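S.K.: After the structure tokens below, expect a handful of questions from me.
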There are 2 protein chains.
Amino acid sequence: MKKRVTIQDLAKELNTTASTISRALKDHPAISKSMKEKVVDLAQKRNYKVNALAAGLRVGRIKTIGVIVPNINRDFFSSIIAGIEDLAFEKGYNVVICQTHDKMAREQQYINTLLSTGVSGLLISLSLESSSVSYIDEIKRLGIPLIFFDRVVEDSQVNRIQNNDKAGAYKAVCHLLDNNYRRIAHFAGPDHINVYKDRKLGYLEALTANNIRIEEELIITSDVSLDAGRASLEKLMQLSNPPDAVFSASDYSALGALLYLKEKGISVPQDFGLVGYSNENFTALVTPGLTSVDQHGMEIGKYAVKVFFEEIEEKEKMLPRTIVLDPELIIRGSSSRGEQKETS
Amino acid sequence: MKKRVTIQDLAKELNTTASTISRALKDHPAISKSMKEKVVDLAQKRNYKVNALAAGLRVGRIKTIGVIVPNINRDFFSSIIAGIEDLAFEKGYNVVICQTHDKMAREQQYINTLLSTGVSGLLISLSLESSSVSYIDEIKRLGIPLIFFDRVVEDSQVNRIQNNDKAGAYKAVCHLLDNNYRRIAHFAGPDHINVYKDRKLGYLEALTANNIRIEEELIITSDVSLDAGRASLEKLMQLSNPPDAVFSASDYSALGALLYLKEKGISVPQDFGLVGYSNENFTALVTPGLTSVDQHGMEIGKYAVKVFFEEIEEKEKMLPRTIVLDPELIIRGSSSRGEQKETS
DNA sequence: CTGAAAGCGCTAACAT
DNA sequence: ATGTTAGCGCTTTCAG
């Protein structure tokens, strides 16, 4: 367990000083070519690695971007992360990923840790529990770029990359109406999360625009998990006048509903229509395929880092931006009555 | 963009010194109760956070565990991570997750970054490209606990948490034989990765044990992706004597095969049997359900951190351990000829 | 119980 | 083109 090689060790061995080594290693213009070569060779030979702690302490920041998401095993979030990584790597930044499991406490803890390790920026999608958020001001005060994506805070002056969830939901519900479903229920998520609020709004607007009366009993709010979806539909089917379709704010609860319908032998899409949200990979794999709304995760990720780099590269303070992408309805078997091409 | 609050700021305000603040904050026994209270209160009020860079530089290590996996959007890996997080949090450690996308270069880069930021330990599952690995000695030399899980290095003295992949494959193939499939092909992964090598061995042993001749043409090696699975099966079906079942080393290529079979109207499991590996969530969702081998990801994660904590808590150097878990065959529709209970 | 002082490894302004 | 020096914020030994 020897100590790690430092810049001093290299300096001693080359009869020079730490400064020269430091500069040579960063390809500083004022260092002779021959010296640079010697230094780089020796560094390699001795397997030298910068101590990012020391460098970061000095400079106040390290070339790492912190990403905080509710869950990493959602295809939506993992595509966002892939998008973030692509650009970040290109620019020589590393990405560390933290998952909150939708707990506000973990979100706060990770923010503290990441801040205290000197990350250069923070890209965050809120946990389900995070209705209000207290850390924004502090992050701003530290001058660290902060970008929210997908699940964003709404009332503050911050950067946001999000989908037009209202439009996505609107399209989804209109599609169900086009396929002659008439009593369309909605699985809603917590109202304090923008995406769920907006999806509900889109649902309501689509009904109103089509002169369909809104019935509160057809709207069920939950954590939109698979189990919640199954339970919600079970409850709805007890109604004297049950729905003939569900627009779910999440693919998972749509899947729960689908499994319930299969169990009960209710045929989808003939007797019941189903649309989910997020276009998770499994939606294409279940039978019938689950119609869903694709949110272009990769793009969201790319925009998020892009804004980050703009923030650190601009000298003068930029105004916070909100970038809104348009989601896309992906039609599959679960909602296509009449002409079904979909088989898988 | 004010500077962040330091321990010195607090010291000045309380007419004491940094040492006292530092000690009070860590609940050092030699600090008076009243002082501790004052310090903790003020720290809270001023929103003080330790500068982990500075503390880490001093101590040489930070309370963070680095986890490196090929991909985070596999259910298998994300359960492992969940297992790791559980225990790590309990002990006050943070977990940062990095994904290599199966690229050796990224693996090396992340190891460098994590080492240079002073993580306390490294939990690694190798990328597909990583046949030989050069960083082990260095990590050991630095005295940082190193634990491989699932995809491990085989020839060195390191900690390993892995599944008995041979046994899992053996069970899977025997199950196919029990269901009267006779020409069983195998989708193999790269041979330099232990898990794929062992799954192939299990396949071969199961055939041999049942007096079935091994035919090289029935073994197709690929990156076991979805596309590879489809392509591999397509190729196999061109043979003059095509197989009637596939044991795939990965759920993804099994899925590719399933989609191909559906397209061609070959009925599963009647005319063709299919078994995958890893028990990804989607295996329960496709129709017919895909028989697969569950690897107890959560347990693997828990063991991995457990070994990490043992390493840092023991004073004397412990010998590297290898922990082998037994996987479990999950039987679903895709391989159950005769008595099919499975419908989903 | 508290303070003084040194130093972790690196960078950058300021020499030369 | 290279060296000198100071200091980032914290912990910890040693002294009181």
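Naming works like this for the structure tokens: A, B, ... for the chains as they're shown, residue 1 at the start of each chain, ligands 1 onward in shown order.
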Could you give me the residues within range 151-305 of chain B that DSSP places in alpha helix (DSSP H), as an MDAnalysis selection string?
M.R.: chainID B and resid 165:178 194:209 226:237 251:263 297:305
S.K.: Mind listing as a PyMOL selection string which residues of chain A are within 8 Å of chain D, counting only C-alpha atoms (C1' of nucleotides)?
M.R.: chain A and resi 17+19-20+30-32+57-60
S.K.: Take the residues that were just selected and, keeping N, CA and C atoms, output them as a CSV table (one decimal), in the first residue's frame.
M.R.:
```
chain,number,residue,atom,x,y,z
A,17,THR,N,10.5,21.4,-11.1
A,17,THR,CA,9.6,21.7,-10.0
A,17,THR,C,8.1,21.3,-10.4
A,19,SER,N,5.5,23.0,-10.6
A,19,SER,CA,4.8,23.9,-11.5
A,19,SER,C,5.0,23.4,-12.9
A,20,THR,N,6.3,23.1,-13.2
A,20,THR,CA,6.6,22.7,-14.6
A,20,THR,C,5.9,21.4,-14.9
A,30,ALA,N,3.8,27.7,-22.6
A,30,ALA,CA,5.1,28.2,-22.2
A,30,ALA,C,6.1,27.1,-21.8
A,31,ILE,N,5.8,25.8,-22.1
A,31,ILE,CA,6.7,24.8,-21.7
A,31,ILE,C,7.3,24.2,-23.0
A,32,SER,N,8.6,23.9,-22.9
A,32,SER,CA,9.3,23.5,-24.1
A,32,SER,C,8.8,22.1,-24.5
A,57,LEU,N,-9.8,21.3,-5.1
A,57,LEU,CA,-9.8,22.2,-3.9
A,57,LEU,C,-9.2,23.5,-4.3
A,58,ARG,N,-8.1,23.4,-5.1
A,58,ARG,CA,-7.4,24.6,-5.6
A,58,ARG,C,-8.4,25.5,-6.5
A,59,VAL,N,-8.9,24.8,-7.4
A,59,VAL,CA,-9.7,25.5,-8.5
A,59,VAL,C,-11.2,25.7,-8.0
A,60,GLY,N,-11.6,24.9,-7.1
A,60,GLY,CA,-13.0,25.1,-6.6
A,60,GLY,C,-14.0,24.3,-7.4
```
S.K.: Env of range 135-151 of chain A: 6 Å cut, atoms = only C-alpha atoms (C1' of nucleotides), seq-sep filter 2 positions within chain, self excluded. Answer as a list in words.
M.R.: Gly121, Leu122, Leu123, Ile124, Ser125, Leu126, Val133, Asn159, Arg160, Ile161 and Gln162 of chain A; Met1 of chain B
S.K.: Taking only C-alpha atoms (C1' of nucleotides) into account, produce a table as a Markdown table in which each residue of chain C with an atom at most 9 Å from an atom of chain A appears once, together with its shortest atom pair and the distance in Å to one decimal, ordered by chain and rising number.
M.R.:
```
| residue | atom | partner | partner_atom | distance |
| --- | --- | --- | --- | --- |
| C:DC8 | C1' | A:Ala54 | CA | 7.9 |
| C:DG9 | C1' | A:Ala54 | CA | 5.0 |
| C:DC10 | C1' | A:Ala55 | CA | 4.8 |
| C:DT11 | C1' | A:Arg58 | CA | 6.4 |
| C:DA12 | C1' | A:Ser19 | CA | 8.9 |
```
S.K.: List as number ranges by chain the protein and nucleic acid residues near Asn179 in chain B, meaning an atom at most 12 Å away when only C-alpha atoms (C1' of nucleotides) are counted, but skip any in the same chain fewer than 5 places from it.
M.R.: B: 172-174, 184, 244-245, 269-275, 331, 333-340
S.K.: Write down as a list of chain:residue names the residues belonging to range 235-283 of chain A that are assigned strand (DSSP E or B) by DSSP computed on the backbone.
M.R.: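 Secondary structure check on range 235-283 of chain A, strand (DSSP E or B): A:Ala245, A:Val246, A:Phe247, A:Ser248, A:Gly273, A:Leu274, A:Val275.
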S.K.: Please produce a file of the residues just selected, as a short mmCIF file (atom, residue, chain, number, x, y, z; two decimals), in the first residue's frame, where the atoms kept are N, CA and C atoms.
M.R.:
```cif
data_model
loop_
_atom_site.label_atom_id
_atom_site.label_comp_id
_atom_site.auth_asym_id
_atom_site.auth_seq_id
_atom_site.Cartn_x
_atom_site.Cartn_y
_atom_site.Cartn_z
N ALA A 245 -62.13 2.73 -21.65
CA ALA A 245 -60.74 2.99 -22.02
C ALA A 245 -60.04 3.72 -20.88
N VAL A 246 -58.71 3.63 -20.87
CA VAL A 246 -57.93 4.37 -19.89
C VAL A 246 -56.78 5.07 -20.59
N PHE A 247 -56.63 6.34 -20.27
CA PHE A 247 -55.40 7.02 -20.62
C PHE A 247 -54.59 7.13 -19.34
N SER A 248 -53.45 6.45 -19.30
CA SER A 248 -52.65 6.42 -18.09
C SER A 248 -51.46 7.36 -18.22
N GLY A 273 -59.87 0.14 -24.46
CA GLY A 273 -58.71 0.80 -25.05
C GLY A 273 -57.74 1.26 -23.98
N LEU A 274 -56.47 1.29 -24.33
CA LEU A 274 -55.44 1.58 -23.34
C LEU A 274 -54.31 2.40 -23.98
N VAL A 275 -53.98 3.50 -23.34
CA VAL A 275 -52.82 4.27 -23.78
C VAL A 275 -51.98 4.61 -22.56
#
```
S.K.: Would you please work out which residue, of B:Lys166, B:Lys317, B:His192, B:Arg183, is nearest to chain A when using only C-alpha atoms?
M.R.: B:Lys317
S.K.: Find the residue from A:Glu313, A:Glu216, A:Glu280, A:Asp191 that sits nearest to chain B; use only C-alpha atoms when measuring.
M.R.: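 Counting only C-alpha atoms, the residue closest to chain B is A:Glu280.
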